[in-house]
Number of protein chains: 2
Amino acid sequence: MARLGDCIAMMDEGIGRVSQVIPDMPATEARLTRLLLMVGQTFDEAVEQALKPNKINHSDFLTLMILYSRPDGSSTPGELCEYTSQGATNMTRIANALVKRGLITRGASEEDRRRVVIRITPAGRRFVQKLLPPLFPRVSSAFAGFSDAEKRSFSRLLRKLAGNLDRLDEAPSP
Amino acid sequence: MARLGDCIAMMDEGIGRVSQVIPDMPATEARLTRLLLMVGQTFDEAVEQALKPNKINHSDFLTLMILYSRPDGSSTPGELCEYTSQGATNMTRIANALVKRGLITRGASEEDRRRVVIRITPAGRRFVQKLLPPLFPRVSSAFAGFSDAEKRSFSRLLRKLAGNLDRLDEAPSP
DNA sequence: CTAAATTTGTTCACTGGTGAAATATGAGTT
DNA sequence: AACTCATATTTCACCAGTGAACAAATTTAG
């Protein structure tokens with residue numbers, strides 16, 4: 001596969017040419033958008049790749065991690081959908097898969113019997129604890145050469161961007 | 001769906017709790033990684049959403065845009081795979097779809113008859129020119145409130161990150 | 001100059017993810 | 001109590017993307 005740097009160089013030239021034909025294009029913002037999408041996708045692929053030896057995919061892993069990070073180790077499909085940005089349909093599949101592997105349990109809620117309570121099992125916790133440490137070196141080295149100030153700056157800019165996106169999704173037709 | 005800000009808040013707390021149980025986790029870098037993945041995915045969904053009225057998806061659109069941005073308006077499946085980060089299999093499907101809509105043509109190469117030459121049609125160019133302008137306001141407002149310095153900084157940090165990722169993919173076993 | 005190796009693209013079978021309808025529980029209204 | 005209406009989850013049918021096997025054309029090595 002082509003190196004990311006080459007893809008970026010190609011994108012830079014491409015946007016340059018397009019913005020000559022269509023001058024009112026916001027070229028700087030378009031470049032930033034494409035950059036973010038490309039780097040984000042590459043990160044995504046790297047995560048998927050790193051998880052592959054453990055035979056788990058990104059969305060299943062994320063779901064399990066949310067449960068692991070909860071004080072009580074439990075949640076509901078609906079809540080997990082919100083925080084994983086997955087549709088309810090897919091959460092059913094994810095839960096099926098994780099139950100099958102014995103990493104979570106699924107049971108009916110007492111208070112509201114429409115609800116399903118999902119809970120991480122001891123085996124699920126052990127799985128997470130075994131899986132995480134080998135990922136640390138890659139996570140660290142992705143940000144190799146970043147000063148503390150650069151990390152803070154990157155974090156701030158991403159959060160600012162997130163704020164903008166939230167506002168865009170609210171505004172359209174009130 | 002939950003607002004991105006809420007997901008981020010939840011992620012911050014979650015990583016905080018996990019890093020107490022697993023102290024040698026690179027928490028700062030893990031947060032940055034999750035942030036980038038979340039913001040990147042939200043951008044992706046926004047693009048997909050914005051393209052939906054035109055009945056075209058992100059990868060088909062990106063493929064068409066690369067052709068549009070080329071001086072000669074042509075390329076080959078292999079090259080398009082590299083720059084779109086798509087597998088060859090999926091590029092076959094994309095090309096089929098775009099040919100069906102009359103936006104590109106697909107023909108055998110003269111020099112090397114293994115190769116297939118893909119070329120954007122006048123209809124394809126018109127389609128792009130009609131499709132792009134309505135996207136501009138959204139692209140601009142995603143970066144609303146970003147100073148020029150912040151945009152430059154964001155661009156620089158993303159490119160630096162891209163460089164790191166390229167180096168990681170090369171290094172493993174030399 | 002031919003035989004093996006490489007490159008290019010396609011087909012097939014499968015995994016992952018989504019929208020629309022179905023199901024089931026709960027809550028509010030008369 | 002019966003009648004909506006809303007909420008939570010699952011089922012079904014479909015779209016998007018991937019790895020493995022394949023076919024065709026070209027390059028390389030003997």
# chains A, B, ... in the order shown; residues from 1 in each chain; ligands from 1
>>> interface_residues(of="chain B", to="chain D", cutoff="7 Å", atoms="only C-alpha atoms (C1' of nucleotides)", output="PDB file with N, CA and C atoms, in the first residue's frame")
ATOM      1  N   ASN B  90     -12.608  -3.944  -3.896  1.00  0.00           N
ATOM      2  CA  ASN B  90     -13.613  -2.904  -3.757  1.00  0.00           C
ATOM      3  C   ASN B  90     -13.527  -1.907  -4.905  1.00  0.00           C
ATOM      4  N   ARG B 113      -1.564  -4.620 -21.771  1.00  0.00           N
ATOM      5  CA  ARG B 113      -2.963  -5.048 -21.856  1.00  0.00           C
ATOM      6  C   ARG B 113      -3.487  -5.725 -20.599  1.00  0.00           C
ATOM      7  N   ARG B 114      -2.616  -5.819 -19.538  1.00  0.00           N
ATOM      8  CA  ARG B 114      -3.161  -6.216 -18.253  1.00  0.00           C
ATOM      9  C   ARG B 114      -3.921  -5.052 -17.640  1.00  0.00           C
TER      10      ARG B 114
END
>>> interface_residues(of="chain C", to="chain B", cutoff="9 Å", atoms="only C-alpha atoms (C1' of nucleotides)", output="PDB file with N, CA and C atoms (P, O5', C5', C4', C3', O3' and C1' of nucleotides), in the first residue's frame")
ATOM      1  P    DT C   7       5.914  -7.839  -8.732  1.00  0.00           P
ATOM      2  O5'  DT C   7       4.790  -7.447  -9.789  1.00  0.00           O
ATOM      3  C5'  DT C   7       5.179  -6.948 -11.061  1.00  0.00           C
ATOM      4  C4'  DT C   7       3.950  -6.630 -11.875  1.00  0.00           C
ATOM      5  C3'  DT C   7       2.897  -5.826 -11.112  1.00  0.00           C
ATOM      6  O3'  DT C   7       2.454  -4.777 -11.956  1.00  0.00           O
ATOM      7  C1'  DT C   7       1.936  -7.755 -12.054  1.00  0.00           C
ATOM      8  P    DT C   8       1.417  -3.677 -11.502  1.00  0.00           P
ATOM      9  O5'  DT C   8       0.021  -4.227 -12.028  1.00  0.00           O
ATOM     10  C5'  DT C   8      -0.259  -4.222 -13.419  1.00  0.00           C
ATOM     11  C4'  DT C   8      -1.647  -4.757 -13.636  1.00  0.00           C
ATOM     12  C3'  DT C   8      -2.710  -4.106 -12.738  1.00  0.00           C
ATOM     13  O3'  DT C   8      -3.632  -3.420 -13.557  1.00  0.00           O
ATOM     14  C1'  DT C   8      -2.934  -6.470 -12.828  1.00  0.00           C
ATOM     15  P    DG C   9      -4.743  -2.474 -12.943  1.00  0.00           P
ATOM     16  O5'  DG C   9      -5.958  -3.484 -12.815  1.00  0.00           O
ATOM     17  C5'  DG C   9      -6.522  -3.995 -14.026  1.00  0.00           C
ATOM     18  C4'  DG C   9      -7.358  -5.223 -13.751  1.00  0.00           C
ATOM     19  C3'  DG C   9      -8.597  -4.983 -12.887  1.00  0.00           C
ATOM     20  O3'  DG C   9      -9.752  -5.050 -13.717  1.00  0.00           O
ATOM     21  C1'  DG C   9      -7.460  -7.016 -12.338  1.00  0.00           C
ATOM     22  P    DT C  10     -11.198  -4.830 -13.094  1.00  0.00           P
ATOM     23  O5'  DT C  10     -11.654  -6.343 -12.823  1.00  0.00           O
ATOM     24  C5'  DT C  10     -11.700  -7.257 -13.918  1.00  0.00           C
ATOM     25  C4'  DT C  10     -12.084  -8.649 -13.442  1.00  0.00           C
ATOM     26  C3'  DT C  10     -13.414  -8.719 -12.693  1.00  0.00           C
ATOM     27  O3'  DT C  10     -14.284  -9.623 -13.367  1.00  0.00           O
ATOM     28  C1'  DT C  10     -11.696  -9.886 -11.521  1.00  0.00           C
TER      29       DT C  10
END
>>> closest_atom_pairs(of="chain B", to="chain A", cutoff="6 Å", atoms="only C-alpha atoms", output="CSV")
residue,atom,partner,partner_atom,distance
B:Met1,CA,A:Glu82,CA,5.7
B:Ala2,CA,A:Glu82,CA,5.2
B:Cys7,CA,A:Tyr83,CA,5.5
B:Gly14,CA,A:Ser69,CA,4.9
B:Val18,CA,A:Ser69,CA,5.7
B:Leu37,CA,A:Gly40,CA,5.7
B:Gly40,CA,A:Gly40,CA,5.1
B:Ser69,CA,A:Gly14,CA,4.9
B:Glu82,CA,A:Ala2,CA,5.2
B:Tyr83,CA,A:Cys7,CA,5.5
B:Ala142,CA,A:Asn164,CA,5.7
B:Asn164,CA,A:Ala142,CA,5.7
>>> select_by_dssp(residues="segment 44-138 of chain A", states="alpha helix (DSSP H)", output="ChimeraX atom specification")
/A:44-51,58-69,77-84,88-100,122-131,136-138
>>> atom_distance(atom1="atom CA of Val117 of chain B", atom2="atom CA of Ile56 of chain B")
21.7 Å
>>> atom_distance(atom1="atom CA of Ser109 of chain A", atom2="atom CA of Ser75 of chain A")
10.5 Å
>>> residues_around(residues="Thr105 of chain B", least_positions_apart="5", cutoff="8 Å", atoms="only C-alpha atoms (C1' of nucleotides)", output="PyMOL selection string")
chain B and resi 99+118-121
>>> write_last_selection(atoms="N, CA and C atoms", output="compact mmCIF listing (two decimals), in the first residue's frame")
# COMPACT_ATOMS: atom_id res chain seq x y z
N VAL B 99 -19.16 3.43 -13.72
CA VAL B 99 -19.40 3.20 -15.15
C VAL B 99 -20.90 3.14 -15.42
N ILE B 118 -9.03 4.00 -16.57
CA ILE B 118 -10.28 4.58 -16.11
C ILE B 118 -10.22 6.07 -16.35
N ARG B 119 -11.29 6.63 -16.93
CA ARG B 119 -11.27 8.05 -17.29
C ARG B 119 -12.60 8.69 -16.92
N ILE B 120 -12.53 9.89 -16.38
CA ILE B 120 -13.76 10.61 -16.04
C ILE B 120 -14.40 11.13 -17.32
N THR B 121 -15.71 11.08 -17.38
CA THR B 121 -16.44 11.56 -18.56
C THR B 121 -16.87 13.01 -18.35
>>> select_by_dssp(residues="segment 55-111 of chain B", states="strand (DSSP E or B)", output="list in words")
Ser74, Ser75, Ile104, Thr105, Arg106, Gly107 and Ala108 of chain B
>>> write_last_selection(atoms="C-alpha atoms", output="CSV table (one decimal), in the first residue's frame")
chain,number,residue,atom,x,y,z
B,74,SER,CA,-7.5,9.3,-16.0
B,75,SER,CA,-5.9,6.6,-13.9
B,104,ILE,CA,-16.3,7.2,-15.9
B,105,THR,CA,-15.3,5.0,-18.7
B,106,ARG,CA,-13.2,1.8,-18.4
B,107,GLY,CA,-11.0,0.6,-21.3
B,108,ALA,CA,-8.0,-1.6,-22.0
>>> atom_distance(atom1="atom CA of Leu98 of chain A", atom2="atom CA of Glu110 of chain A")
22.1 Å
